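Novice: My structure file coords-v5.cif, mmCIF, C-alpha atoms and all ligand atoms, is below:
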data_start
loop_
_atom_site.label_atom_id
_atom_site.label_comp_id
_atom_site.auth_asym_id
_atom_site.auth_seq_id
_atom_site.Cartn_x
_atom_site.Cartn_y
_atom_site.Cartn_z
CA MET X 1 97.05 128.50 108.84
CA SER X 2 98.81 125.42 110.18
CA ASP X 3 98.41 122.17 108.29
CA THR X 4 96.29 119.85 110.43
CA THR X 5 96.13 117.12 107.81
CA ALA X 6 99.84 116.20 107.68
CA PRO X 7 100.05 112.60 106.46
CA GLU X 8 101.18 109.97 108.93
CA ILE X 9 104.64 108.73 108.02
CA LYS X 10 105.33 105.01 108.51
CA LYS X 11 109.11 104.89 108.78
CA GLY X 12 110.46 101.72 107.20
CA LEU X 13 106.89 100.98 106.02
CA ALA X 14 106.44 99.29 109.41
CA GLY X 15 102.96 97.85 109.69
CA VAL X 16 101.97 98.99 106.18
CA VAL X 17 100.06 96.46 104.07
CA VAL X 18 100.91 97.10 100.41
CA ASP X 19 99.41 94.18 98.48
CA THR X 20 98.06 90.64 98.68
CA THR X 21 100.14 87.51 98.10
CA ALA X 22 99.22 83.85 97.70
CA ILE X 23 102.82 82.65 98.01
CA SER X 24 103.42 82.59 101.75
CA LYS X 25 101.77 83.56 105.00
CA VAL X 26 103.89 84.76 107.92
CA ASN X 27 101.81 84.64 111.08
CA PRO X 28 103.55 86.08 114.16
CA GLU X 29 100.53 85.34 116.41
CA THR X 30 100.73 81.60 115.85
CA ASN X 31 104.45 81.68 115.09
CA SER X 32 103.80 79.91 111.82
CA LEU X 33 104.92 80.15 108.21
CA LEU X 34 102.98 78.62 105.33
CA TYR X 35 104.22 78.24 101.75
CA ARG X 36 101.13 78.07 99.51
CA GLY X 37 99.25 76.81 102.57
CA TYR X 38 101.74 74.16 103.70
CA PRO X 39 103.58 74.57 107.05
CA VAL X 40 107.26 75.11 106.32
CA GLN X 41 108.25 72.57 109.00
CA GLN X 42 106.32 69.85 107.15
CA LEU X 43 107.88 70.85 103.83
CA ALA X 44 111.36 70.75 105.37
CA ALA X 45 110.73 67.29 106.80
CA GLN X 46 108.89 65.68 103.87
CA CYS X 47 109.98 67.40 100.67
CA THR X 48 113.18 68.09 98.78
CA PHE X 49 114.12 71.68 97.99
CA GLU X 50 113.27 70.99 94.33
CA GLU X 51 109.70 70.13 95.36
CA VAL X 52 109.51 73.31 97.43
CA ALA X 53 110.76 75.40 94.48
CA TYR X 54 108.09 73.80 92.28
CA LEU X 55 105.44 74.54 94.90
CA LEU X 56 106.44 78.20 95.21
CA TRP X 57 106.38 78.71 91.44
CA HIS X 58 103.33 76.61 90.51
CA GLY X 59 101.18 76.82 93.64
CA GLU X 60 100.92 73.03 94.10
CA LEU X 61 103.32 70.25 95.01
CA PRO X 62 104.44 68.31 91.90
CA SER X 63 103.19 64.89 90.87
CA ASP X 64 105.93 62.29 90.28
CA ASP X 65 105.96 63.08 86.55
CA GLN X 66 106.01 66.82 87.11
CA LEU X 67 108.87 66.47 89.56
CA ALA X 68 110.87 64.28 87.18
CA GLU X 69 110.46 66.86 84.39
CA PHE X 70 111.32 69.71 86.76
CA GLU X 71 114.47 67.92 87.98
CA ASP X 72 115.52 67.23 84.38
CA HIS X 73 115.27 70.95 83.57
CA GLU X 74 117.18 71.93 86.69
CA ARG X 75 119.97 69.42 85.98
CA ALA X 76 120.18 70.49 82.33
CA HIS X 77 120.91 74.12 83.31
CA ARG X 78 123.51 73.59 86.05
CA HIS X 79 126.58 74.37 83.96
CA LEU X 80 128.13 77.80 84.03
CA ASP X 81 129.08 79.33 80.66
CA ARG X 82 132.71 80.25 80.14
CA VAL X 83 131.61 83.89 79.68
CA VAL X 84 130.17 83.97 83.20
CA LYS X 85 133.30 82.37 84.65
CA ASP X 86 135.43 84.90 82.75
CA ALA X 87 133.34 87.76 84.11
CA ILE X 88 133.82 86.45 87.65
CA ASP X 89 137.53 85.96 87.01
CA ALA X 90 137.79 89.63 86.05
CA LEU X 91 136.84 90.55 89.62
CA PRO X 92 139.49 90.84 92.33
CA LEU X 93 139.85 87.80 94.60
CA THR X 94 139.05 90.13 97.48
CA ALA X 95 135.56 90.89 96.10
CA HIS X 96 132.87 89.84 98.53
CA PRO X 97 131.05 86.69 97.30
CA MET X 98 127.74 88.59 97.45
CA ASP X 99 129.17 91.06 94.94
CA VAL X 100 130.38 88.16 92.83
CA VAL X 101 126.92 86.55 92.85
CA ARG X 102 125.18 89.85 92.12
CA THR X 103 127.54 90.47 89.19
CA ALA X 104 127.11 86.95 87.81
CA ILE X 105 123.31 87.26 87.75
CA SER X 106 123.62 90.63 86.06
CA VAL X 107 125.95 89.08 83.46
CA LEU X 108 123.43 86.27 82.81
CA GLY X 109 120.86 88.97 82.05
CA ALA X 110 123.19 90.79 79.68
CA LEU X 111 123.90 87.51 77.86
CA ASP X 112 120.22 86.71 77.36
CA GLU X 113 119.53 87.57 73.75
CA THR X 114 115.80 87.87 74.27
CA LEU X 115 116.38 90.96 76.36
CA ALA X 116 118.30 92.52 73.48
CA HIS X 117 115.65 91.90 70.84
CA ASP X 118 112.17 92.45 72.19
CA ARG X 119 110.06 93.13 75.23
CA THR X 120 108.61 89.67 75.73
CA TRP X 121 110.55 89.47 78.97
CA ILE X 122 107.43 90.29 80.95
CA GLU X 123 105.60 87.24 79.61
CA PRO X 124 105.01 84.46 82.17
CA ASP X 125 106.80 81.77 80.12
CA PHE X 126 109.94 83.86 79.78
CA THR X 127 110.02 84.70 83.48
CA MET X 128 109.44 81.08 84.51
CA GLN X 129 112.19 79.76 82.20
CA ARG X 130 114.70 82.34 83.32
CA SER X 131 113.82 81.77 86.97
CA MET X 132 114.62 78.09 86.47
CA ARG X 133 117.94 78.97 84.84
CA MET X 134 119.01 81.23 87.72
CA PHE X 135 117.85 78.63 90.25
CA ALA X 136 119.85 75.91 88.44
CA LYS X 137 123.00 78.02 87.96
CA LEU X 138 123.25 79.69 91.36
CA PRO X 139 124.89 76.66 93.05
CA ALA X 140 127.62 76.72 90.39
CA ILE X 141 128.06 80.48 90.86
CA VAL X 142 128.28 80.19 94.66
CA ALA X 143 130.62 77.19 94.43
CA TYR X 144 132.81 79.03 91.93
CA ALA X 145 132.92 82.07 94.24
CA GLN X 146 134.09 80.00 97.23
CA ARG X 147 136.56 77.78 95.36
CA ARG X 148 138.14 80.73 93.55
CA ARG X 149 138.81 82.47 96.89
CA ARG X 150 140.56 79.30 98.02
CA HIS X 151 142.60 79.02 94.79
CA GLU X 152 140.84 75.75 93.96
CA HIS X 153 139.77 74.68 90.48
CA ALA X 154 136.06 74.60 89.62
CA VAL X 155 134.17 71.32 90.08
CA GLU X 156 131.67 70.44 87.36
CA PRO X 157 128.09 69.58 88.32
CA ARG X 158 126.91 65.96 88.47
CA ASP X 159 123.53 65.26 86.95
CA ASP X 160 123.09 62.04 88.94
CA LEU X 161 122.71 64.06 92.16
CA GLY X 162 119.81 66.04 93.59
CA TYR X 163 120.06 69.81 94.04
CA SER X 164 121.57 69.87 97.53
CA ALA X 165 123.99 66.95 97.11
CA ASN X 166 125.22 68.43 93.84
CA PHE X 167 125.56 71.89 95.40
CA LEU X 168 127.80 70.50 98.16
CA HIS X 169 129.72 68.39 95.62
CA MET X 170 130.49 71.50 93.55
CA VAL X 171 131.62 73.49 96.60
CA PHE X 172 133.68 70.81 98.36
CA GLY X 173 134.61 68.39 95.57
CA GLU X 174 132.78 65.52 97.28
CA VAL X 175 129.32 64.66 98.52
CA PRO X 176 129.25 64.79 102.32
CA GLU X 177 127.35 62.32 104.48
CA ARG X 178 123.57 62.20 104.35
CA VAL X 179 123.12 64.09 107.61
CA VAL X 180 124.95 67.10 106.14
CA VAL X 181 123.04 67.02 102.84
CA ASP X 182 119.75 66.85 104.76
CA ALA X 183 120.66 69.78 107.03
CA PHE X 184 121.66 71.81 103.98
CA ASP X 185 118.45 70.94 102.13
CA THR X 186 116.44 71.97 105.22
CA SER X 187 118.20 75.35 105.30
CA MET X 188 117.37 75.91 101.62
CA THR X 189 113.68 75.22 102.25
CA LEU X 190 113.58 77.48 105.32
CA TYR X 191 115.31 80.33 103.48
CA ALA X 192 113.22 79.99 100.31
CA GLU X 193 110.42 82.45 100.97
CA HIS X 194 109.16 84.99 103.52
CA SER X 195 106.45 87.26 102.06
CA PHE X 196 107.26 90.98 101.69
CA ASN X 197 110.71 91.09 103.30
CA ALA X 198 113.09 93.84 102.12
CA SER X 199 114.74 91.91 99.27
CA THR X 200 111.49 90.46 97.95
CA PHE X 201 109.90 93.89 98.08
CA THR X 202 112.90 95.21 96.16
CA ALA X 203 112.31 92.56 93.49
CA ARG X 204 108.65 93.53 93.32
CA VAL X 205 109.46 97.26 93.03
CA ILE X 206 111.83 96.56 90.14
CA THR X 207 109.29 94.28 88.47
CA SER X 208 106.55 96.88 88.90
CA THR X 209 108.36 99.11 86.36
CA LEU X 210 108.08 96.18 83.89
CA SER X 211 111.79 95.52 84.11
CA ASP X 212 113.06 91.95 83.64
CA VAL X 213 113.52 89.10 86.13
CA TYR X 214 117.34 89.24 86.07
CA SER X 215 117.20 92.91 87.08
CA ALA X 216 114.74 92.09 89.85
CA VAL X 217 117.01 89.33 91.21
CA THR X 218 120.14 91.50 90.87
CA GLY X 219 118.46 94.26 92.90
CA ALA X 220 117.13 91.76 95.44
CA ILE X 221 120.66 90.41 95.99
CA GLY X 222 121.81 93.95 96.76
CA ALA X 223 119.03 94.32 99.35
CA LEU X 224 119.77 90.92 100.90
CA LYS X 225 123.43 91.74 101.38
CA GLY X 226 122.85 94.15 104.25
CA PRO X 227 123.40 92.86 107.81
CA LEU X 228 119.91 93.91 108.89
CA HIS X 229 118.62 91.32 106.39
CA GLY X 230 120.44 88.32 104.87
CA GLY X 231 123.92 89.56 105.71
CA ALA X 232 123.16 88.68 109.33
CA ASN X 233 124.01 84.98 108.88
CA GLU X 234 127.58 85.97 108.04
CA ALA X 235 127.62 88.56 110.83
CA VAL X 236 126.55 85.90 113.39
CA MET X 237 129.75 84.01 112.69
CA HIS X 238 131.82 87.16 113.20
CA VAL X 239 130.06 87.63 116.55
CA PHE X 240 130.87 84.03 117.53
CA SER X 241 134.53 84.62 116.65
CA GLU X 242 134.58 87.85 118.66
CA ILE X 243 133.08 86.15 121.72
CA GLY X 244 135.26 83.05 121.45
CA SER X 245 133.68 80.81 124.10
CA ALA X 246 130.45 80.38 126.06
CA ASP X 247 131.88 81.74 129.35
CA ARG X 248 132.54 85.11 127.67
CA ALA X 249 129.04 85.52 126.14
CA GLU X 250 127.38 87.52 128.94
CA ALA X 251 130.22 90.02 129.36
CA TRP X 252 130.50 90.43 125.58
CA LEU X 253 126.77 91.06 125.28
CA ASP X 254 126.70 93.61 128.11
CA GLN X 255 129.44 95.58 126.44
CA ALA X 256 127.89 95.33 122.98
CA LEU X 257 124.52 96.52 124.29
CA ALA X 258 126.20 99.34 126.22
CA GLU X 259 127.76 100.40 122.92
CA LYS X 260 124.24 100.29 121.38
CA ARG X 261 125.24 97.61 118.92
CA LYS X 262 122.58 95.53 117.18
CA ILE X 263 123.18 91.88 117.99
CA MET X 264 123.25 89.99 114.72
CA GLY X 265 120.88 87.05 114.34
CA PHE X 266 118.39 88.46 116.87
CA GLY X 267 115.14 90.33 116.39
CA HIS X 268 112.71 90.52 113.51
CA ARG X 269 110.38 93.10 112.01
CA VAL X 270 107.39 90.74 112.01
CA TYR X 271 108.03 88.04 114.60
CA LYS X 272 108.31 89.45 118.09
CA ASN X 273 108.10 86.12 119.96
CA GLY X 274 110.57 84.10 117.95
CA ASP X 275 111.02 83.18 114.31
CA SER X 276 108.85 80.26 113.13
CA ARG X 277 111.81 78.70 111.29
CA VAL X 278 114.30 78.67 114.15
CA PRO X 279 113.23 75.40 115.87
CA THR X 280 113.60 73.47 112.59
CA MET X 281 116.98 75.00 111.79
CA ARG X 282 118.13 74.56 115.39
CA ALA X 283 117.27 70.84 115.13
CA ALA X 284 119.31 70.66 111.91
CA LEU X 285 122.19 72.45 113.65
CA ASP X 286 122.00 69.92 116.50
CA THR X 287 122.44 67.05 114.04
CA LEU X 288 125.53 68.79 112.65
CA ILE X 289 126.93 69.47 116.11
CA ALA X 290 126.59 65.76 116.93
CA HIS X 291 128.04 64.78 113.54
CA TYR X 292 131.09 67.04 113.83
CA ASP X 293 131.35 66.62 117.63
CA ARG X 294 131.32 70.38 118.32
CA ARG X 295 129.66 70.81 121.74
CA ASP X 296 131.60 74.05 122.17
CA MET X 297 129.57 75.58 119.36
CA VAL X 298 126.20 74.80 120.92
CA GLU X 299 127.39 76.00 124.32
CA LEU X 300 128.28 79.40 122.87
CA TYR X 301 125.03 79.43 120.86
CA ASP X 302 122.93 78.75 123.96
CA ALA X 303 124.86 81.14 126.19
CA LEU X 304 124.34 84.11 123.85
CA GLU X 305 120.69 83.23 123.21
CA GLN X 306 119.96 82.99 126.96
CA ALA X 307 121.84 86.19 127.75
CA MET X 308 119.97 88.09 125.01
CA ASP X 309 116.65 86.79 126.26
CA ALA X 310 117.50 87.79 129.84
CA ARG X 311 118.75 91.28 128.92
CA LYS X 312 116.39 92.28 126.10
CA GLY X 313 113.76 89.55 125.67
CA ILE X 314 114.72 89.42 121.98
CA LYS X 315 114.72 86.00 120.28
CA PRO X 316 116.93 84.61 117.50
CA ASN X 317 115.92 84.77 113.84
CA LEU X 318 116.73 82.16 111.16
CA ASP X 319 120.19 83.61 110.56
CA TYR X 320 121.25 82.68 114.11
CA PRO X 321 121.22 78.87 113.67
CA SER X 322 122.05 79.02 109.94
CA GLY X 323 125.36 80.82 110.38
CA PRO X 324 126.96 78.18 112.64
CA ALA X 325 125.36 75.38 110.59
CA TYR X 326 127.03 76.62 107.40
CA HIS X 327 130.28 77.09 109.30
CA LEU X 328 130.24 73.47 110.47
CA MET X 329 129.54 72.29 106.92
CA GLY X 330 132.77 74.00 105.88
CA PHE X 331 131.59 77.10 104.01
CA ASP X 332 133.64 80.28 104.20
CA THR X 333 131.78 82.84 106.31
CA GLU X 334 131.55 85.26 103.35
CA VAL X 335 129.63 82.62 101.38
CA PHE X 336 126.76 82.27 103.89
CA THR X 337 124.62 85.05 102.42
CA PRO X 338 125.14 83.79 98.83
CA LEU X 339 123.66 80.49 100.08
CA PHE X 340 120.62 82.50 101.18
CA VAL X 341 120.50 83.95 97.63
CA ALA X 342 120.49 80.45 96.10
CA ALA X 343 117.49 79.55 98.26
CA ARG X 344 115.58 82.84 98.08
CA VAL X 345 115.79 83.10 94.30
CA THR X 346 112.78 80.77 94.33
CA GLY X 347 110.70 83.12 96.49
CA TRP X 348 111.88 86.27 94.71
CA THR X 349 110.98 84.92 91.29
CA ALA X 350 107.60 83.60 92.50
CA HIS X 351 106.91 87.18 93.63
CA VAL X 352 108.12 88.58 90.30
CA MET X 353 105.56 86.36 88.54
CA GLU X 354 102.82 87.32 91.01
CA GLN X 355 103.62 91.01 90.63
CA LEU X 356 103.49 90.77 86.83
CA SER X 357 100.15 88.97 86.94
CA ALA X 358 98.45 91.98 88.58
CA ASN X 359 100.91 94.80 88.22
CA ALA X 360 100.72 98.34 89.56
CA LEU X 361 103.75 100.60 89.56
CA ILE X 362 105.08 100.83 93.14
CA ARG X 363 105.67 104.48 93.89
CA PRO X 364 104.92 105.80 97.40
CA LEU X 365 104.83 109.45 98.47
CA SER X 366 107.05 111.43 100.81
CA VAL X 367 106.71 114.62 102.83
CA TYR X 368 109.19 117.25 101.71
CA ASN X 369 111.18 118.75 104.60
CA GLY X 370 113.95 120.56 102.70
CA PRO X 371 114.38 124.35 102.28
CA ASP X 372 111.41 126.47 101.20
CA GLU X 373 111.44 127.57 97.56
CA ARG X 374 114.41 129.85 96.87
CA HIS X 375 116.05 131.23 93.76
CA VAL X 376 119.36 130.81 92.03
CA PRO X 377 121.21 134.18 92.14
CA GLY X 378 120.53 136.08 88.93
CA ALA X 379 117.44 134.02 88.04
C1 LIG A 1 116.41 86.51 107.57
C2 LIG A 1 116.38 87.89 108.07
O1 LIG A 1 116.58 88.82 107.35
S1 LIG A 1 115.97 88.10 109.71
C3 LIG A 1 116.74 89.63 110.20
C4 LIG A 1 118.24 89.50 110.25
N1 LIG A 1 118.83 90.71 110.83
C5 LIG A 1 119.50 90.69 112.01
O2 LIG A 1 119.64 89.69 112.68
C6 LIG A 1 120.09 92.01 112.42
C7 LIG A 1 119.81 92.33 113.88
N2 LIG A 1 118.43 92.67 114.10
C8 LIG A 1 117.94 93.93 113.87
O3 LIG A 1 118.68 94.86 113.54
C9 LIG A 1 116.45 94.17 114.02
O4 LIG A 1 115.89 93.26 114.94
C10 LIG A 1 115.70 94.07 112.68
C11 LIG A 1 116.28 95.09 111.70
C12 LIG A 1 115.81 92.70 112.09
C13 LIG A 1 114.23 94.40 112.91
O5 LIG A 1 114.18 95.67 113.34
P1 LIG A 1 112.87 96.53 113.58
O6 LIG A 1 111.63 95.79 113.33
O7 LIG A 1 113.04 97.78 112.81
O8 LIG A 1 112.91 96.74 115.09
P2 LIG A 1 113.72 97.86 115.81
O9 LIG A 1 115.10 97.98 115.23
O10 LIG A 1 112.87 99.07 115.83
O11 LIG A 1 113.83 97.24 117.25
C14 LIG A 1 112.93 97.47 118.30
C15 LIG A 1 113.75 97.56 119.58
O12 LIG A 1 114.45 96.35 119.78
C16 LIG A 1 115.85 96.56 119.74
N3 LIG A 1 116.46 95.50 118.93
C17 LIG A 1 115.89 94.83 117.92
N4 LIG A 1 116.74 93.93 117.44
C18 LIG A 1 117.87 94.05 118.15
C19 LIG A 1 119.11 93.40 118.12
N5 LIG A 1 119.35 92.44 117.23
N6 LIG A 1 120.06 93.78 119.01
C20 LIG A 1 119.83 94.75 119.90
N7 LIG A 1 118.66 95.39 119.97
C21 LIG A 1 117.70 95.06 119.12
C22 LIG A 1 116.03 97.91 119.06
O13 LIG A 1 117.23 98.52 119.43
C23 LIG A 1 114.81 98.65 119.53
O14 LIG A 1 115.03 99.08 120.84
P3 LIG A 1 114.51 100.52 121.31
O15 LIG A 1 113.01 100.45 121.18
O16 LIG A 1 115.00 100.59 122.72
O17 LIG A 1 115.14 101.50 120.40
O1 LIG A 2 110.86 88.74 106.72
C1 LIG A 2 111.82 89.49 106.93
O2 LIG A 2 111.71 90.72 107.14
C2 LIG A 2 113.20 88.96 106.93
C3 LIG A 2 113.25 87.48 106.92
O3 LIG A 2 113.11 86.84 107.93
C4 LIG A 2 113.41 86.82 105.64
O4 LIG A 2 113.43 87.48 104.60
O5 LIG A 2 113.52 85.58 105.62
#
Can you give me the file's structure in the form of structure tokens?
Specialist:
Amino acid sequence: MSDTTAPEIKKGLAGVVVDTTAISKVNPETNSLLYRGYPVQQLAAQCTFEEVAYLLWHGELPSDDQLAEFEDHERAHRHLDRVVKDAIDALPLTAHPMDVVRTAISVLGALDETLAHDRTWIEPDFTMQRSMRMFAKLPAIVAYAQRRRRHEHAVEPRDDLGYSANFLHMVFGEVPERVVVDAFDTSMTLYAEHSFNASTFTARVITSTLSDVYSAVTGAIGALKGPLHGGANEAVMHVFSEIGSADRAEAWLDQALAEKRKIMGFGHRVYKNGDSRVPTMRAALDTLIAHYDRRDMVELYDALEQAMDARKGIKPNLDYPSGPAYHLMGFDTEVFTPLFVAARVTGWTAHVMEQLSANALIRPLSVYNGPDERHVPGA
């Protein structure tokens, strides 16, 4: 008898609702994104990234006192231990910065003595403290990764600077003008959180086994690296280099589509009419283009966007404006996705805490389509 009850397979879990979350709401119908109820555009305009991190972890925006205490903690944990620097130095200079960042987070976990001694790592206090440490140290890790590639010495953090100004100081050895710091801070807020995307889901799967928060973040970094997810911001810059100038965008696109290539920085699993974060990041990119006097960049940006809309009706995602923005700020292309890590560690760890608070092991089913049962000769 044929099986008439074969389960429906949802490839890529497309359209599958797996849990609830109170951290963010992605709404493709209204093209909106809320963090804990607040529109992300308002957070980007009114709040620092530190305030956004506090909101994601605690559910509410901080009072002045709470923010001061939070900033003190963040500033106190910015330094990178010699052991972590040594571990990074053991890697070849050719290692991709995403691999450097993933390794550094893994090393931080291995150095955490609590993990060696007991299983309190699933307790909320432990997870919150360690999330803060990773959040505070990631700028130093990313800065170290870029400066090392350039054969430059490490720059120590400054505790008189906010998160974004200090981040840029550690990468470039100086604090850039306000317009650059603001654009960078905006990008951090926009990248911070996006419900059950692939890397966040990875973090939740790892957490669901009652593993620790470092392991969850290490795995999430691996998931983010791929060009269908966070790796797209780096890939956008490679596309821009391939195209060269605005007048070549249409011909380049026609050929790329004929070769069935996916155009990096376009399309989204959830948003089908444009990514809610793009207008805010595009506005930030425009301020950078004016600041650095790079009209050529926006001409190429617009030409490819218009050609893609005309050919496929597919809109840009957040990685499309972020890639050129980070390029103008002076980051190496390979460091773009690590910047995404530094922002998204807030969202990932908020999800780790949410998962732990109402845990169920994540373990879906599959339909077997391999050979029928057979026997090893002689068995
Ligand atoms: C921050 C982020 O992570 S945002 C995502 C960043 N990733 C990228 O920019 C990579 C490029 N984009 C893509 O590959 C896809 O749009 C994804 C992976 C993001 C989403 O993909 P899915 O939801 O699985 O949509 P899917 O791949 O099925 O696309 C539907 C159709 O649109 C096409 N399409 C979607 N995105 C693109 C693209 N960027 N370039 C060309 N065609 C595309 C697909 O080829 C497919 O066409 P078909 O129906 O003729 O086969
Ligand atoms: O939501 C997604 O699938 C990808 C994305 O935009 C993000 O993680 O920011």
Novice: Counting only C-alpha atoms and all ligand atoms, name the residues that have an atom within 10 Å of an atom of ligand LIG 2 (chain A); the answer should be given as a tab-separated table (two decimals) with C-alpha atoms, in the coordinates of the input.
Specialist:
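Writing done, so here's result33.tsv:
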chain	number	residue	atom	x	y	z
X	26	VAL	CA	103.89	84.76	107.92
X	190	LEU	CA	113.58	77.48	105.32
X	191	TYR	CA	115.31	80.33	103.48
X	192	ALA	CA	113.22	79.99	100.31
X	193	GLU	CA	110.42	82.45	100.97
X	194	HIS	CA	109.16	84.99	103.52
X	195	SER	CA	106.45	87.26	102.06
X	196	PHE	CA	107.26	90.98	101.69
X	197	ASN	CA	110.71	91.09	103.30
X	198	ALA	CA	113.09	93.84	102.12
X	199	SER	CA	114.74	91.91	99.27
X	200	THR	CA	111.49	90.46	97.95
X	201	PHE	CA	109.90	93.89	98.08
X	224	LEU	CA	119.77	90.92	100.90
X	228	LEU	CA	119.91	93.91	108.89
X	229	HIS	CA	118.62	91.32	106.39
X	230	GLY	CA	120.44	88.32	104.87
X	267	GLY	CA	115.14	90.33	116.39
X	268	HIS	CA	112.71	90.52	113.51
X	269	ARG	CA	110.38	93.10	112.01
X	270	VAL	CA	107.39	90.74	112.01
X	271	TYR	CA	108.03	88.04	114.60
X	275	ASP	CA	111.02	83.18	114.31
X	276	SER	CA	108.85	80.26	113.13
X	277	ARG	CA	111.81	78.70	111.29
X	317	ASN	CA	115.92	84.77	113.84
X	318	LEU	CA	116.73	82.16	111.16
X	319	ASP	CA	120.19	83.61	110.56
X	340	PHE	CA	120.62	82.50	101.18
X	344	ARG	CA	115.58	82.84	98.08
X	347	GLY	CA	110.70	83.12	96.49
Novice: Draw an axis-aligned box over all listed atoms of ligand LIG 1 (chain A), pad each side with 3 Å, and write its centre and edge lengths in Å, one decimal, as lines of an AutoDock Vina configuration file.
Specialist:
center_x = 115.9
center_y = 94.0
center_z = 115.0
size_x = 14.5
size_y = 21.0
size_z = 21.4
Novice: What does the structure give for the distance between atom CA of X:Asp159 and atom CA of X:Leu93, in Å to one decimal?
Specialist: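 These two atoms are separated by 28.9 Å.
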Novice: Let me make sure I understand: among X:Ala14, X:Val52, X:Met297, X:Ala87, which one has the smallest atom-to-atom distance to ligand LIG 1 (chain A) if we use all atoms listed in the file?
Specialist: X:Ala14
Novice: Which polymer residues, whether protein, DNA or RNA, lie within 6 Å of the coordinate (114.2, 94.5, 89.9) when you count only C-alpha atoms? List them as a ChimeraX atom specification, using the chain letters and numbers from the file.
Specialist: /X:203,206-207,215-216,219
Novice: Distance atom CA of X:Pro176-atom CA of X:His327, one decimal place?
Specialist: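 About the pair atom CA of X:Pro176 and atom CA of X:His327: they are 14.2 Å apart.
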Novice: Looking at X:His153, X:Lys25, X:Lys260, X:Arg282, which one is nearest to ligand LIG 1 (chain A), with distances taken over all atoms listed in the file?
Specialist: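 Checking each candidate against ligand LIG 1 (chain A), we get X:Lys260 as the closest.
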Novice: If you measure from atom CA of X:Met264 to atom CA of X:Val352, what distance in Å do you get, rounded to one decimal?
Specialist: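 Here the two named atoms are 28.8 Å from each other.
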Novice: If we count only C-alpha atoms and set the cut-off at 7 Å, which residues sit around X:Gly265, ignoring sequence neighbours fewer than 6 positions away in its own chain? Please answer as JSON, numbers by chain.
Specialist: {"X": [232, 233, 236, 316, 317, 319, 320]}
Novice: Which is closest to ligand LIG 1 (chain A) among X:Ala44, X:Ile314, X:Ala140, X:Val181, if we use only C-alpha atoms and all ligand atoms?
Specialist: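 Smallest distance to ligand LIG 1 (chain A) is found for X:Ile314.
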Novice: Could you rebuild stretch 292-304 of chain X with N, CA and C atoms and give me the result as a CSV table (one decimal), keeping the file's coordinate frame?
Specialist:
chain,number,residue,atom,x,y,z
X,292,TYR,N,129.7,66.5,113.8
X,292,TYR,CA,131.1,67.0,113.8
X,292,TYR,C,131.7,67.1,115.2
X,293,ASP,N,130.9,66.6,116.2
X,293,ASP,CA,131.4,66.6,117.6
X,293,ASP,C,131.8,68.0,118.1
X,294,ARG,N,130.9,69.0,118.0
X,294,ARG,CA,131.3,70.4,118.3
X,294,ARG,C,130.4,70.9,119.4
X,295,ARG,N,130.5,70.3,120.6
X,295,ARG,CA,129.7,70.8,121.7
X,295,ARG,C,130.0,72.3,122.0
X,296,ASP,N,131.2,72.7,121.9
X,296,ASP,CA,131.6,74.0,122.2
X,296,ASP,C,130.7,75.1,121.4
X,297,MET,N,130.4,74.7,120.2
X,297,MET,CA,129.6,75.6,119.4
X,297,MET,C,128.2,75.8,120.0
X,298,VAL,N,127.6,74.7,120.4
X,298,VAL,CA,126.2,74.8,120.9
X,298,VAL,C,126.2,75.5,122.3
X,299,GLU,N,127.3,75.3,123.0
X,299,GLU,CA,127.4,76.0,124.3
X,299,GLU,C,127.4,77.5,124.1
X,300,LEU,N,128.2,78.0,123.2
X,300,LEU,CA,128.3,79.4,122.9
X,300,LEU,C,126.9,79.9,122.3
X,301,TYR,N,126.3,79.1,121.4
X,301,TYR,CA,125.0,79.4,120.9
X,301,TYR,C,124.0,79.6,122.0
X,302,ASP,N,123.9,78.7,122.9
X,302,ASP,CA,122.9,78.8,124.0
X,302,ASP,C,123.2,79.9,124.9
X,303,ALA,N,124.5,80.1,125.2
X,303,ALA,CA,124.9,81.1,126.2
X,303,ALA,C,124.5,82.5,125.7
X,304,LEU,N,124.7,82.8,124.4
X,304,LEU,CA,124.3,84.1,123.8
X,304,LEU,C,122.8,84.2,123.7
